[in-house]
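What follows is the content of model-v4.tsv (TSV, C-alpha atoms and all ligand atoms).
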```tsv
chain	number	residue	atom	x	y	z
A	1153	MET	CA	0.00	0.00	0.00
A	1154	ASP	CA	1.30	3.48	-0.91
A	1155	THR	CA	1.39	5.41	2.35
A	1156	HIS	CA	2.64	8.51	0.55
A	1157	ALA	CA	-0.35	8.86	-1.77
A	1158	HIS	CA	-0.74	12.34	-3.19
A	1159	PRO	CA	-4.12	13.98	-3.34
A	1160	VAL	CA	-5.82	13.52	-6.70
A	1161	ALA	CA	-4.91	16.42	-9.00
A	1162	PRO	CA	-7.92	18.61	-9.82
A	1163	GLN	CA	-9.30	18.09	-13.33
A	1164	THR	CA	-8.52	21.62	-14.46
A	1165	ASP	CA	-5.93	23.68	-16.30
A	1166	ASP	CA	-6.69	26.58	-13.97
A	1167	LEU	CA	-4.26	25.40	-11.31
A	1168	LEU	CA	-3.79	28.81	-9.70
A	1169	GLY	CA	-7.49	29.61	-9.81
A	1170	GLN	CA	-6.83	32.70	-11.94
A	1171	GLU	CA	-9.58	31.97	-14.44
A	1172	ALA	CA	-12.06	31.35	-11.63
A	1173	ILE	CA	-11.12	34.67	-10.02
A	1174	SER	CA	-11.44	36.57	-13.31
A	1175	ALA	CA	-14.81	34.96	-14.05
A	1176	SER	CA	-16.06	35.84	-10.59
A	1177	VAL	CA	-14.84	39.45	-10.91
A	1178	GLN	CA	-16.56	39.80	-14.28
A	1179	ASP	CA	-19.81	38.31	-12.93
A	1180	ALA	CA	-19.73	40.79	-10.04
A	1181	TYR	CA	-19.29	43.83	-12.30
A	1182	ARG	CA	-21.73	42.58	-14.94
A	1183	ALA	CA	-24.30	42.50	-12.13
A	1184	VAL	CA	-23.84	46.21	-11.33
A	1185	ILE	CA	-24.05	47.60	-14.86
A	1186	GLY	CA	-26.70	50.29	-14.67
A	1187	ALA	CA	-26.88	50.18	-10.87
A	1188	LYS	CA	-26.71	53.53	-9.12
A	1189	THR	CA	-23.86	54.20	-6.70
A	1190	ALA	CA	-23.13	57.14	-4.41
A	1191	VAL	CA	-19.33	57.01	-4.43
A	1192	ALA	CA	-18.63	59.90	-6.82
A	1193	ALA	CA	-19.71	62.62	-4.39
A	1194	ARG	CA	-16.95	61.49	-2.01
A	1195	LEU	CA	-14.17	61.20	-4.59
A	1196	TYR	CA	-14.56	64.01	-7.11
A	1197	ASP	CA	-14.27	67.79	-6.87
A	1198	PRO	CA	-17.45	69.87	-7.24
A	1199	GLU	CA	-16.01	71.39	-10.46
A	1200	GLN	CA	-15.51	67.92	-11.90
A	1201	LEU	CA	-18.99	66.75	-10.88
A	1202	ALA	CA	-20.55	69.86	-12.40
A	1203	VAL	CA	-19.45	68.91	-15.91
A	1204	LEU	CA	-20.19	65.19	-15.75
A	1205	PRO	CA	-23.47	63.62	-16.93
A	1206	ARG	CA	-25.59	62.01	-14.27
A	1207	GLY	CA	-25.13	58.53	-15.79
A	1208	ALA	CA	-21.35	58.70	-15.36
A	1209	ILE	CA	-21.66	59.93	-11.77
A	1210	GLU	CA	-24.16	57.22	-10.83
A	1211	GLN	CA	-22.12	54.40	-12.36
A	1212	ALA	CA	-18.88	55.40	-10.56
A	1213	LEU	CA	-17.27	52.42	-8.81
A	1214	GLY	CA	-13.79	53.72	-8.14
A	1215	VAL	CA	-11.75	54.38	-5.02
A	1216	GLY	CA	-10.04	57.68	-5.82
A	1217	ASN	CA	-9.54	60.47	-8.33
A	1218	PRO	CA	-6.66	59.47	-10.62
A	1219	VAL	CA	-7.25	62.13	-13.27
A	1220	ARG	CA	-6.78	64.90	-10.70
A	1221	ALA	CA	-3.27	63.60	-10.00
A	1222	ALA	CA	-2.35	62.79	-13.61
A	1223	GLY	CA	-1.32	66.30	-14.71
A	1224	LEU	CA	-2.80	65.81	-18.17
A	1225	ARG	CA	-1.60	68.07	-20.97
A	1226	PRO	CA	-3.12	69.06	-24.33
A	1227	GLY	CA	-2.41	66.56	-27.09
A	1228	GLU	CA	-1.67	63.56	-24.88
A	1229	VAL	CA	-3.02	60.05	-25.42
A	1230	VAL	CA	-4.39	58.63	-22.18
A	1231	ILE	CA	-5.88	55.24	-21.43
A	1232	ASP	CA	-8.26	54.43	-18.56
A	1233	LEU	CA	-7.79	50.79	-17.54
A	1234	GLY	CA	-11.10	49.26	-16.42
A	1235	CYS	CA	-13.07	52.36	-17.37
A	1236	GLY	CA	-16.45	51.11	-16.15
A	1237	GLY	CA	-19.09	53.75	-16.86
A	1238	GLY	CA	-16.39	56.12	-18.13
A	1239	ILE	CA	-16.26	58.79	-15.42
A	1240	ASP	CA	-12.47	59.11	-15.52
A	1241	THR	CA	-12.28	58.59	-19.29
A	1242	ILE	CA	-14.58	61.58	-19.80
A	1243	LEU	CA	-12.55	63.76	-17.42
A	1244	ALA	CA	-9.33	62.60	-19.08
A	1245	ALA	CA	-10.69	63.34	-22.56
A	1246	ARG	CA	-11.40	66.91	-21.48
A	1247	GLY	CA	-7.96	67.16	-19.85
A	1248	VAL	CA	-6.05	66.41	-23.06
A	1249	LEU	CA	-7.85	68.94	-25.26
A	1250	PRO	CA	-7.02	70.25	-27.71
A	1251	GLY	CA	-5.60	67.47	-29.81
A	1252	GLY	CA	-5.50	64.61	-27.31
A	1253	THR	CA	-7.43	61.36	-27.07
A	1254	ALA	CA	-8.73	59.24	-24.21
A	1255	ILE	CA	-9.18	55.50	-24.56
A	1256	GLY	CA	-11.49	53.60	-22.22
A	1257	LEU	CA	-10.60	49.93	-21.84
A	1258	ASP	CA	-12.89	47.44	-20.13
A	1259	VAL	CA	-13.34	43.70	-20.22
A	1260	LEU	CA	-17.16	43.97	-20.19
A	1261	PRO	CA	-18.93	45.12	-23.38
A	1262	GLY	CA	-21.93	46.23	-21.27
A	1263	MET	CA	-19.75	48.65	-19.29
A	1264	LEU	CA	-18.33	50.07	-22.53
A	1265	GLU	CA	-21.86	50.68	-23.84
A	1266	VAL	CA	-22.73	52.64	-20.69
A	1267	ALA	CA	-19.45	54.57	-20.95
A	1268	ALA	CA	-20.02	55.45	-24.61
A	1269	ARG	CA	-23.52	56.70	-23.80
A	1270	ASN	CA	-22.20	58.79	-20.93
A	1271	ALA	CA	-19.46	60.31	-23.10
A	1272	ALA	CA	-22.04	61.19	-25.75
A	1273	ASP	CA	-24.20	62.83	-23.05
A	1274	ALA	CA	-21.12	64.77	-21.93
A	1275	GLY	CA	-20.54	65.96	-25.51
A	1276	VAL	CA	-17.07	64.45	-25.48
A	1277	THR	CA	-15.90	63.18	-28.87
A	1278	ASN	CA	-12.14	62.63	-28.45
A	1279	VAL	CA	-12.67	59.18	-26.91
A	1280	ARG	CA	-12.53	55.64	-28.11
A	1281	TRP	CA	-13.54	52.43	-26.45
A	1282	LEU	CA	-11.62	49.21	-26.38
A	1283	ARG	CA	-12.81	45.84	-25.18
A	1284	GLY	CA	-10.10	43.81	-23.51
A	1285	GLY	CA	-8.35	42.74	-20.36
A	1286	MET	CA	-5.61	44.81	-18.76
A	1287	GLU	CA	-3.46	41.65	-18.70
A	1288	ALA	CA	-3.29	41.72	-22.53
A	1289	ILE	CA	-4.03	45.29	-23.65
A	1290	PRO	CA	-4.95	45.34	-27.34
A	1291	LEU	CA	-2.65	48.26	-28.18
A	1292	PRO	CA	0.81	48.46	-29.77
A	1293	ASP	CA	3.98	49.14	-27.79
A	1294	GLU	CA	4.75	52.68	-26.65
A	1295	GLY	CA	1.53	54.26	-27.95
A	1296	VAL	CA	0.22	56.12	-24.90
A	1297	ASP	CA	1.51	59.01	-22.80
A	1298	VAL	CA	-0.50	58.43	-19.63
A	1299	ILE	CA	-2.33	55.57	-17.94
A	1300	VAL	CA	-5.06	56.22	-15.40
A	1301	SER	CA	-6.98	53.57	-13.52
A	1302	ASN	CA	-9.43	53.64	-10.64
A	1303	GLY	CA	-10.07	50.61	-8.45
A	1304	VAL	CA	-9.19	48.03	-11.07
A	1305	VAL	CA	-5.61	46.68	-10.77
A	1306	ASN	CA	-6.50	45.05	-7.42
A	1307	LEU	CA	-9.08	42.93	-9.25
A	1308	SER	CA	-6.49	41.10	-11.35
A	1309	PRO	CA	-5.05	37.77	-10.23
A	1310	ARG	CA	-2.09	38.60	-12.52
A	1311	LYS	CA	-0.92	42.00	-11.26
A	1312	SER	CA	2.70	41.60	-12.45
A	1313	ARG	CA	1.34	40.95	-15.92
A	1314	VAL	CA	-0.78	44.14	-15.69
A	1315	PHE	CA	2.27	46.22	-14.73
A	1316	ALA	CA	4.27	44.62	-17.57
A	1317	GLU	CA	1.51	45.62	-20.00
A	1318	MET	CA	1.43	49.15	-18.61
A	1319	TYR	CA	5.18	49.45	-19.15
A	1320	ARG	CA	4.88	48.04	-22.68
A	1321	ILE	CA	2.19	50.46	-23.91
A	1322	LEU	CA	3.68	53.60	-22.31
A	1323	ARG	CA	5.94	55.81	-24.38
A	1324	PRO	CA	9.41	56.36	-22.91
A	1325	GLY	CA	8.91	59.07	-20.28
A	1326	GLY	CA	5.21	58.20	-19.96
A	1327	ARG	CA	3.51	58.10	-16.58
A	1328	PHE	CA	0.63	56.51	-14.72
A	1329	SER	CA	-1.80	57.65	-12.06
A	1330	VAL	CA	-3.52	54.76	-10.36
A	1331	ALA	CA	-6.02	54.89	-7.48
A	1332	ASP	CA	-6.32	51.48	-5.93
A	1333	ILE	CA	-6.40	49.26	-2.88
A	1334	VAL	CA	-3.03	48.33	-1.40
A	1335	LEU	CA	-2.48	45.61	1.17
A	1336	ASP	CA	0.01	46.36	3.93
A	1337	ASP	CA	-0.44	42.95	5.54
A	1338	ASP	CA	-1.33	39.41	4.48
A	1339	LEU	CA	-4.99	38.57	4.16
A	1340	PRO	CA	-6.38	35.63	6.14
A	1341	PRO	CA	-6.33	32.54	3.87
A	1342	GLN	CA	-10.10	32.19	3.84
A	1343	ILE	CA	-10.33	35.67	2.26
A	1344	ALA	CA	-7.22	35.40	0.07
A	1345	THR	CA	-8.57	32.22	-1.53
A	1346	ASP	CA	-12.19	33.30	-1.88
A	1347	PRO	CA	-12.88	34.32	-5.52
A	1348	ALA	CA	-15.84	36.48	-4.43
A	1349	ALA	CA	-13.60	38.51	-2.11
A	1350	TRP	CA	-11.49	39.65	-5.09
A	1351	ALA	CA	-14.42	41.50	-6.60
A	1352	GLY	CA	-15.32	43.14	-3.29
A	1401	LIG	C1	-14.34	48.78	-9.49
A	1401	LIG	S1	-14.92	49.00	-11.15
A	1401	LIG	C2	-14.19	50.59	-11.52
A	1401	LIG	C3	-14.77	51.23	-12.74
A	1401	LIG	C4	-14.22	52.65	-13.04
A	1401	LIG	N1	-12.78	52.66	-13.10
A	1401	LIG	C5	-14.71	53.65	-12.02
A	1401	LIG	O1	-13.89	54.27	-11.35
A	1401	LIG	O2	-15.93	53.82	-11.91
A	1401	LIG	C6	-13.91	47.85	-12.03
A	1401	LIG	C7	-14.04	47.85	-13.54
A	1401	LIG	O3	-12.95	47.09	-14.08
A	1401	LIG	C8	-13.42	46.20	-15.07
A	1401	LIG	N2	-12.50	45.07	-15.08
A	1401	LIG	C9	-12.40	44.05	-14.20
A	1401	LIG	N3	-11.39	43.23	-14.51
A	1401	LIG	C10	-10.82	43.75	-15.63
A	1401	LIG	C11	-9.72	43.36	-16.43
A	1401	LIG	N4	-9.00	42.26	-16.16
A	1401	LIG	N5	-9.39	44.13	-17.49
A	1401	LIG	C12	-10.11	45.25	-17.79
A	1401	LIG	N6	-11.17	45.66	-17.06
A	1401	LIG	C13	-11.51	44.93	-15.99
A	1401	LIG	C14	-14.84	45.88	-14.64
A	1401	LIG	O4	-15.62	45.42	-15.72
A	1401	LIG	C15	-15.31	47.21	-14.08
A	1401	LIG	O5	-15.87	48.03	-15.07
```
Please, can you express the file's structure as structure tokens?
Ligand SMILES: C[S@@+](CC[C@H](N)C(=O)[O-])C[C@H]1O[C@@H](n2cnc3c(N)ncnc32)[C@H](O)[C@@H]1O
Amino acid sequence: MDTHAHPVAPQTDDLLGQEAISASVQDAYRAVIGAKTAVAARLYDPEQLAVLPRGAIEQALGVGNPVRAAGLRPGEVVIDLGCGGGIDTILAARGVLPGGTAIGLDVLPGMLEVAARNAADAGVTNVRWLRGGMEAIPLPDEGVDVIVSNGVVNLSPRKSRVFAEMYRILRPGGRFSVADIVLDDDLPPQIATDPAAWAG
């Protein structure tokens, strides 16, 4: 009898659970498309809120105000990773006028539809929308000047990959302004291994 029997390997290629985490994160955000939140009033300046359409304000799901810290200049190309309903993409688009462009990237087509509607309501036309994951950004190397992101990098089970992609798409001398959640201690294992906790 083999007294050193190993546990049976799970019948999956997703050995690190990354696909399960991503699927759970996407389910969680798909469920809040069109839901109304109250976070924007806490995070944005009154002057910013005054020029944003109500749809963008109500769909805000971020944790900070990355555009305020980005120091955007006319003519720059800026990408908003995980743009959601587009609140920061719209502010960024205004911040790079004249001549600049803002790109909103999100993994969920439904979020991009909301964002495009909000940008149209805001009268912003120097935007484009890109469906994709921040772990494999569908853009060429060194094509953007600035990356902004608000409450999104923490959602990825492949954060090193996200930072590698950010480095790849930034022009030399480019910069990023990211508002996010940072851990300063280990999470208890029951939270660290719970796919639902990633989305929350
Ligand atoms: C917490 S919400 C933040 C939305 C927006 N940045 C804001 O401040 O309102 C997270 C967003 O990231 C998107 N997302 C989640 N995982 C992603 C990934 N791997 N790549 C791109 N977008 C992702 C979700 O669909 C959702 O729109």
Check your understanding: Just how far from atom C8 of ligand LIG 1401 (chain A) is CA of Gly1237 (chain A), in Å to one decimal?
Key ->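 Between these atoms lies a distance of 9.6 Å.
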Edge lengths and centre in Å to one decimal, as lines of an AutoDock Vina configuration file, is what I'm after for the box along x, y and z that holds all listed atoms of ligand LIG 1401 (chain A) once 5 Å is added on each side.
```
center_x = -12.5
center_y = 48.3
center_z = -13.6
size_x = 16.9
size_y = 22.0
size_z = 18.3
```
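Computed from the coordinates, the CA of Arg1283 (chain A) to CA of Pro1261 (chain A) distance equals 6.4 Å.
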Practice item. Check every protein, DNA and RNA residue against ligand LIG 1401 (chain A), keep those with an atom at most 7 Å away (counting all atoms listed in the file), and present them as a ChimeraX atom specification. Key: /A:1174,1177-1178,1181-1182,1211-1215,1233-1240,1257-1260,1263,1284-1287,1301-1304,1307-1308
**Study point:** Residue nearest Ile1173 (chain A) among A:Asp1273, A:Phe1315, A:Val1334, A:Arg1310 (counting all atoms listed in the file)
**Key:** A:Arg1310
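Each of A:Leu1224, A:Ala1267, A:Leu1335, A:Val1279 was checked against Val1300 (chain A) using all atoms listed in the file; the smallest atom-to-atom distance is that of A:Leu1224.
If all atoms listed in the file are the atoms counted, then among A:Leu1243, A:Ala1288, A:Val1266, A:Ala1348 the closest residue to Glu1210 (chain A) is A:Val1266.
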**Study point:** Residue with smallest distance to Ala1272 (chain A) - pool A:Leu1195, A:Ile1299, A:Val1330, A:Ile1242, counting all atoms listed in the file
**Key:**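 Between A:Leu1195, A:Ile1299, A:Val1330, A:Ile1242, the residue approaching Ala1272 (chain A) most closely is A:Ile1242.
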**Study point:** For Ala1274 (chain A), the nearest of the candidates A:Ala1245, A:Ala1221, A:Ala1180, A:Val1305, counting all atoms listed in the file
**Key:** A:Ala1245
Review point. Which one is closest to Asp1179 (chain A): A:Ile1333, A:Val1276, A:Ala1351, A:Ala1208? Count all atoms listed in the file.
Key: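 The closest residue to Asp1179 (chain A) is A:Ala1351.
Near region 1316-1329 of chain A, within a cut-off of 6 Å and counting all atoms listed in the file, sit the residues A:Pro1218, A:Ala1222, A:Asp1293, A:Glu1294, A:Gly1295, A:Val1296, A:Asp1297, A:Val1298, A:Ile1299, A:Val1300, A:Arg1313, with same-chain residues fewer than 3 positions away left out.
Going from CA of Leu1282 (chain A) to CA of Ile1255 (chain A) covers 7.0 Å.
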**Study point:** Who sits within 8 Å of Gly1251 (chain A), all atoms listed in the file, same chain under 5 positions skipped, as a list in words
**Key:** Pro1226, Gly1227 and Glu1228 of chain A
Now that the selection is made, can you save its residues with C-alpha atoms as a PDB file, in the frame of the given file?
```
ATOM      1  CA  PRO A1226      -3.120  69.060 -24.330  1.00  0.00           C
ATOM      2  CA  GLY A1227      -2.410  66.560 -27.090  1.00  0.00           C
ATOM      3  CA  GLU A1228      -1.670  63.560 -24.880  1.00  0.00           C
TER       4      GLU A1228
END
```
